[in-house]
$ cat run_13.txt   # compact mmCIF, C-alpha atoms and all ligand atoms
# COMPACT_ATOMS: atom_id res chain seq x y z
CA MET D 1 156.15 32.13 84.69
CA ARG D 2 155.38 32.26 88.42
CA LYS D 3 155.56 29.02 90.36
CA ILE D 4 152.16 27.81 91.59
CA ILE D 5 152.64 26.52 95.12
CA ILE D 6 150.09 24.59 97.17
CA ALA D 7 151.34 24.24 100.75
CA GLY D 8 149.71 22.39 103.61
CA ASN D 9 150.15 23.76 107.12
CA TRP D 10 149.49 20.84 109.42
CA LYS D 11 149.73 23.07 112.51
CA MET D 12 149.93 20.99 115.75
CA ASN D 13 148.37 17.86 114.25
CA LYS D 14 149.57 14.28 113.62
CA THR D 15 151.97 12.08 115.53
CA PRO D 16 155.00 10.79 113.60
CA ALA D 17 153.20 7.56 112.69
CA GLU D 18 150.13 9.46 111.54
CA ALA D 19 152.32 11.93 109.64
CA ARG D 20 154.06 9.10 107.81
CA ALA D 21 150.72 7.70 106.66
CA LEU D 22 149.27 11.07 105.59
CA ALA D 23 152.45 12.14 103.79
CA ALA D 24 152.59 8.81 101.94
CA THR D 25 148.99 9.25 100.78
CA ILE D 26 149.66 12.78 99.55
CA ALA D 27 152.87 11.66 97.83
CA ALA D 28 151.09 8.82 96.01
CA ASN D 29 149.18 11.37 93.91
CA ASP D 30 150.51 10.89 90.37
CA LYS D 31 148.71 13.95 88.97
CA ILE D 32 150.72 16.65 90.73
CA GLY D 33 151.36 19.46 88.25
CA CYS D 34 152.45 22.26 90.59
CA GLU D 35 154.76 22.65 93.59
CA VAL D 36 153.31 20.87 96.63
CA VAL D 37 154.68 21.36 100.14
CA ILE D 38 153.70 19.80 103.46
CA CYS D 39 154.66 21.79 106.56
CA THR D 40 154.60 19.33 109.43
CA PRO D 41 155.32 19.66 113.16
CA PHE D 42 159.06 19.40 113.91
CA VAL D 43 158.92 15.87 115.32
CA ASP D 44 157.14 14.63 112.19
CA LEU D 45 159.75 15.90 109.73
CA PHE D 46 161.84 12.71 109.62
CA ALA D 47 158.84 10.44 109.09
CA ALA D 48 157.33 12.76 106.47
CA LYS D 49 160.64 13.04 104.66
CA GLU D 50 160.90 9.27 104.35
CA ALA D 51 157.30 9.00 103.22
CA ILE D 52 157.66 11.58 100.41
CA ALA D 53 161.07 10.39 99.19
CA GLY D 54 161.13 10.09 95.41
CA SER D 55 157.83 11.98 95.00
CA LYS D 56 157.10 15.54 93.89
CA VAL D 57 156.11 16.63 97.39
CA ARG D 58 158.48 18.98 99.26
CA LEU D 59 159.10 19.19 102.97
CA GLY D 60 158.36 22.29 105.05
CA ALA D 61 158.50 23.36 108.70
CA GLN D 62 156.30 25.81 110.56
CA ASN D 63 158.84 28.06 112.25
CA VAL D 64 162.57 28.71 112.62
CA HIS D 65 164.70 30.65 115.10
CA TRP D 66 167.05 33.45 114.07
CA ALA D 67 170.07 32.21 116.03
CA GLU D 68 172.41 29.50 114.82
CA SER D 69 172.39 27.72 118.19
CA GLY D 70 172.31 28.49 121.88
CA ALA D 71 170.12 28.96 124.93
CA PHE D 72 166.73 29.20 123.22
CA THR D 73 164.71 26.43 124.82
CA GLY D 74 162.00 25.07 122.56
CA GLU D 75 163.32 26.65 119.37
CA ILE D 76 164.80 25.14 116.17
CA SER D 77 167.58 26.56 113.99
CA ALA D 78 167.73 26.82 110.22
CA SER D 79 170.73 24.45 110.10
CA MET D 80 168.78 21.81 112.01
CA LEU D 81 165.89 22.06 109.57
CA LYS D 82 168.21 22.00 106.57
CA GLU D 83 169.95 18.84 107.75
CA VAL D 84 166.63 17.03 108.12
CA GLY D 85 165.78 17.83 104.51
CA VAL D 86 163.46 20.78 104.99
CA GLU D 87 163.15 23.03 101.94
CA TYR D 88 160.46 25.54 103.01
CA VAL D 89 159.66 27.19 106.31
CA ILE D 90 156.61 29.22 107.30
CA VAL D 91 157.37 32.45 109.18
CA GLY D 92 154.98 34.97 110.68
CA HIS D 93 151.88 32.79 110.73
CA SER D 94 149.09 34.71 112.44
CA GLU D 95 148.80 32.02 115.13
CA ARG D 96 152.46 32.70 116.03
CA ARG D 97 151.79 36.45 116.04
CA GLN D 98 148.57 36.06 118.05
CA TYR D 99 149.54 33.44 120.64
CA PHE D 100 153.34 33.51 120.85
CA GLY D 101 154.29 37.18 120.75
CA GLU D 102 155.70 37.15 117.23
CA THR D 103 156.34 40.69 115.97
CA ASP D 104 157.36 42.07 112.59
CA GLU D 105 160.88 42.38 114.01
CA THR D 106 161.12 38.71 115.02
CA VAL D 107 159.46 37.61 111.78
CA ASN D 108 162.08 39.54 109.84
CA ALA D 109 164.90 38.02 111.91
CA ARG D 110 163.56 34.50 111.37
CA ALA D 111 163.16 35.07 107.62
CA LYS D 112 166.71 36.39 107.27
CA ALA D 113 168.19 33.45 109.21
CA ALA D 114 166.26 30.92 107.11
CA LEU D 115 167.30 32.53 103.82
CA ALA D 116 170.93 32.72 104.92
CA LYS D 117 170.92 28.94 105.34
CA GLY D 118 169.30 28.28 101.98
CA LEU D 119 165.74 27.63 103.16
CA LYS D 120 162.76 29.01 101.24
CA VAL D 121 160.47 31.21 103.30
CA ILE D 122 156.67 31.31 103.22
CA LEU D 123 155.98 34.68 104.84
CA CYS D 124 152.45 35.13 106.17
CA VAL D 125 150.75 38.51 106.39
CA GLY D 126 147.14 39.44 106.98
CA GLU D 127 144.72 41.75 108.73
CA SER D 128 142.40 40.98 111.64
CA LEU D 129 138.63 41.31 111.42
CA GLU D 130 138.71 44.56 113.42
CA GLN D 131 141.34 45.99 111.10
CA ARG D 132 139.32 45.07 108.00
CA GLN D 133 136.14 46.48 109.49
CA SER D 134 137.85 49.72 110.40
CA GLY D 135 139.21 50.11 106.87
CA VAL D 136 142.93 49.82 107.61
CA THR D 137 143.71 46.60 105.70
CA GLU D 138 145.97 48.40 103.23
CA GLN D 139 147.98 50.10 105.99
CA VAL D 140 148.35 46.86 107.96
CA ILE D 141 149.54 44.85 104.95
CA THR D 142 151.89 47.65 103.86
CA GLN D 143 153.46 47.81 107.32
CA GLN D 144 153.87 44.02 107.53
CA ILE D 145 155.39 43.68 104.05
CA LYS D 146 157.86 46.54 104.60
CA ALA D 147 158.92 45.44 108.08
CA ASP D 148 158.94 41.67 107.53
CA LEU D 149 161.03 41.98 104.36
CA ALA D 150 163.37 44.69 105.69
CA ASP D 151 166.98 44.27 104.54
CA LEU D 152 166.17 41.47 102.09
CA THR D 153 167.76 41.63 98.64
CA VAL D 154 166.37 40.96 95.18
CA GLY D 155 168.39 37.73 95.30
CA ASN D 156 166.72 36.72 98.60
CA MET D 157 163.30 37.27 97.06
CA LYS D 158 163.81 34.34 94.67
CA ASN D 159 163.37 32.18 97.77
CA VAL D 160 160.45 34.04 99.33
CA VAL D 161 156.78 33.20 98.93
CA ILE D 162 154.18 35.56 100.39
CA ALA D 163 151.01 34.09 101.87
CA TYR D 164 148.15 36.55 102.25
CA GLU D 165 146.10 35.17 105.10
CA PRO D 166 143.31 37.35 106.47
CA VAL D 167 143.21 36.38 110.15
CA TRP D 168 139.41 36.35 110.13
CA ALA D 169 139.43 33.61 107.48
CA ILE D 170 141.88 31.22 109.17
CA GLY D 171 140.25 28.13 110.64
CA THR D 172 136.88 29.90 110.73
CA GLY D 173 135.27 28.55 107.59
CA LEU D 174 134.95 32.18 106.42
CA THR D 175 136.80 32.52 103.14
CA ALA D 176 137.71 35.84 101.56
CA THR D 177 135.87 36.25 98.28
CA PRO D 178 138.10 35.82 95.24
CA GLU D 179 137.81 39.57 94.67
CA GLN D 180 138.81 40.45 98.25
CA ALA D 181 141.76 38.06 98.09
CA GLN D 182 142.81 39.33 94.65
CA GLU D 183 142.67 42.95 95.80
CA VAL D 184 145.14 42.36 98.63
CA CYS D 185 147.39 40.00 96.63
CA LYS D 186 147.61 42.73 93.96
CA LEU D 187 148.42 45.29 96.66
CA ILE D 188 151.22 43.01 97.88
CA ARG D 189 152.58 42.67 94.34
CA ASP D 190 152.55 46.46 93.94
CA LEU D 191 154.38 46.84 97.26
CA LEU D 192 156.99 44.29 96.16
CA SER D 193 157.40 46.22 92.93
CA GLY D 194 158.04 49.41 94.87
CA ILE D 195 160.63 47.77 97.12
CA PHE D 196 162.36 45.25 94.83
CA GLY D 197 161.36 46.27 91.31
CA ALA D 198 158.78 45.12 88.80
CA GLU D 199 160.65 42.00 87.70
CA THR D 200 160.90 40.59 91.23
CA ALA D 201 157.27 41.47 91.90
CA ALA D 202 156.18 39.67 88.73
CA GLU D 203 158.16 36.57 89.67
CA THR D 204 157.14 36.25 93.33
CA THR D 205 154.57 33.61 94.21
CA ILE D 206 151.74 35.08 96.29
CA GLN D 207 149.43 32.56 97.95
CA TYR D 208 146.04 33.02 99.50
CA GLY D 209 145.31 31.25 102.80
CA GLY D 210 142.19 31.15 104.93
CA SER D 211 139.67 28.30 104.78
CA MET D 212 140.70 27.38 101.25
CA ASN D 213 139.06 24.06 100.46
CA ALA D 214 138.13 21.65 97.68
CA GLY D 215 135.06 23.70 96.83
CA ASN D 216 136.53 27.20 96.61
CA ALA D 217 140.14 26.61 95.52
CA ALA D 218 139.60 26.79 91.76
CA GLN D 219 137.78 30.11 91.96
CA LEU D 220 140.38 31.67 94.25
CA LEU D 221 143.22 30.35 92.09
CA SER D 222 141.58 31.76 88.96
CA MET D 223 142.43 35.28 90.12
CA PRO D 224 145.44 36.78 88.33
CA ASP D 225 147.55 37.58 91.40
CA ILE D 226 146.81 34.42 93.41
CA ASP D 227 149.55 31.90 92.68
CA GLY D 228 148.75 29.17 95.14
CA GLY D 229 147.39 28.45 98.57
CA LEU D 230 148.48 27.94 102.16
CA ILE D 231 146.00 25.45 103.50
CA GLY D 232 145.40 24.45 107.10
CA GLY D 233 142.39 22.25 107.86
CA ALA D 234 141.84 20.93 104.35
CA SER D 235 145.48 19.86 104.03
CA LEU D 236 144.83 17.14 106.63
CA LYS D 237 142.10 15.60 104.45
CA PRO D 238 143.82 13.75 101.58
CA ASP D 239 140.89 13.95 99.14
CA ASP D 240 140.31 17.64 99.77
CA PHE D 241 144.02 18.43 99.55
CA ALA D 242 144.22 16.45 96.29
CA ALA D 243 141.36 18.52 94.87
CA ILE D 244 143.19 21.74 95.80
CA ILE D 245 146.38 20.37 94.22
CA ALA D 246 144.36 19.61 91.08
CA ALA D 247 143.11 23.20 91.00
CA GLY D 248 146.67 24.47 91.41
CA SER D 249 147.93 22.11 88.71
CA ALA D 250 145.25 23.38 86.32
CA LYS D 251 146.28 27.04 86.68
C1 LIG G 1 146.61 28.28 107.81
O1 LIG G 1 146.84 27.62 108.81
O2 LIG G 1 147.52 28.91 107.28
C2 LIG G 1 145.25 28.28 107.25
C3 LIG G 1 144.99 28.99 106.20
O3 LIG G 1 144.32 27.50 107.92
P1 LIG G 1 142.86 27.11 107.37
O4 LIG G 1 143.01 26.66 105.94
O5 LIG G 1 142.40 26.02 108.27
O6 LIG G 1 142.00 28.34 107.46

$ encode --input "run_13.txt" --output "structure tokens"
Amino acid sequence: MRKIIIAGNWKMNKTPAEARALAATIAANDKIGCEVVICTPFVDLFAAKEAIAGSKVRLGAQNVHWAESGAFTGEISASMLKEVGVEYVIVGHSERRQYFGETDETVNARAKAALAKGLKVILCVGESLEQRQSGVTEQVITQQIKADLADLTVGNMKNVVIAYEPVWAIGTGLTATPEQAQEVCKLIRDLLSGIFGAETAAETTIQYGGSMNAGNAAQLLSMPDIDGGLIGGASLKPDDFAAIIAAGSAK
């Protein structure tokens, strides 16, 4: 009933030529049985789009601005992404929050602009190590979900995927245990139920992200409220990403 989505976040990796080659390798997989997305750097989108044409792989970007156009040097609008063939966009990744001053308010503005232009949003939330160790994970996630999804409608939620990404597990090799990840994904589903109703909560894809790899994907994906993965490092390794796609396809 819920869509299983395996999304690769390439972060700031791969030139256009390299992106074309990697995307073509991922797209050549003839055993894809779930939704697969590659979120490339902006300059790689054209090359990746050509490389995945005719395959089951979907195109994603890593950020979007809230304005339609204007004096926002270095930013990209939803219309620009749409015209290039982008279907998904990541908003609120912890690296954006940590290094580029992203706040719940800007995350919310970006999500609303993307949805208004018909893009699907992968909204990232997650607690830091200090927050987990001081026992405030539930409060942090609750605040992020409420603020990041403020003003969204039930209709909007059909195009929203939530990625639970504990900051301490991203790029560190430390993975949340399946039980830790399940606990927070279930909390997120309960929060969605409170805001948008049980039906929307039951239909929303909730991914886990944070050092998901070929070895741990199946176990994480076996948890009832984990409907996919947002994968950084392992999404750049075709064999590892294929193994994660296989685990997602088997769910
Ligand atoms: C990410 O970038 O969203 C991510 C989860 O990275 P990694 O898989 O490398 O931890």

$ closest_residue --input "run_13.txt" --among "D:Glu95, D:Glu75, D:Glu102, D:Glu127" --to "ligand LIG 1 (chain G)" --atoms "only C-alpha atoms and all ligand atoms"
D:Glu95

$ axis_aligned_box --input "run_13.txt" --around "region 11-25 of chain D" --padding-each-side "3 Å" --output "AutoDock Vina command-line options"
--center_x 151.7 --center_y 15.3 --center_z 108.3 --size_x 12.6 --size_y 21.5 --size_z 21.0

$ residues_near_ligand --input "run_13.txt" --ligand "ligand LIG 1 (chain G)" --cutoff "7 Å" --atoms "all atoms listed in the file" --output "count of residues only"
18

$ atom_distance --input "run_13.txt" --atom1 "CA of His65 (chain D)" --atom2 "CA of Asp190 (chain D)"
29.1 Å

$ closest_residue --input "run_13.txt" --among "D:Ile4, D:Ala150, D:Ala28, D:Val107" --to "Val57 (chain D)" --atoms "only C-alpha atoms"
D:Ala28

$ atom_distance --input "run_13.txt" --atom1 "CA of Gly60 (chain D)" --atom2 "CA of Val89 (chain D)"
5.2 Å

$ atom_distance --input "run_13.txt" --atom1 "CA of Lys49 (chain D)" --atom2 "CA of Gly85 (chain D)"
7.0 Å

$ closest_residue --input "run_13.txt" --among "D:Ile245, D:Ala250, D:Leu129, D:Val91" --to "Val36 (chain D)" --atoms "only C-alpha atoms"
D:Ile245

$ closest_residue --input "run_13.txt" --among "D:Ile32, D:Ala24, D:Cys39, D:Ala214" --to "Gly8 (chain D)" --atoms "only C-alpha atoms"
D:Cys39

$ closest_residue --input "run_13.txt" --among "D:Lys14, D:Lys3, D:Lys31, D:Lys158" --to "Lys237 (chain D)" --atoms "all atoms listed in the file"
D:Lys14

$ closest_residue --input "run_13.txt" --among "D:Met12, D:Ala78, D:Cys185, D:Gly33" --to "Lys56 (chain D)" --atoms "all atoms listed in the file"
D:Gly33

$ residues_around --input "run_13.txt" --residues "Val121 (chain D)" --least-positions-apart "4" --cutoff "7 Å" --atoms "all atoms listed in the file" --output "count of residues only"
10

$ residues_around --input "run_13.txt" --residues "Ser222 (chain D)" --least-positions-apart "6" --cutoff "9 Å" --atoms "all atoms listed in the file" --output "list in words"
Pro178, Ala247 and Lys251 of chain D
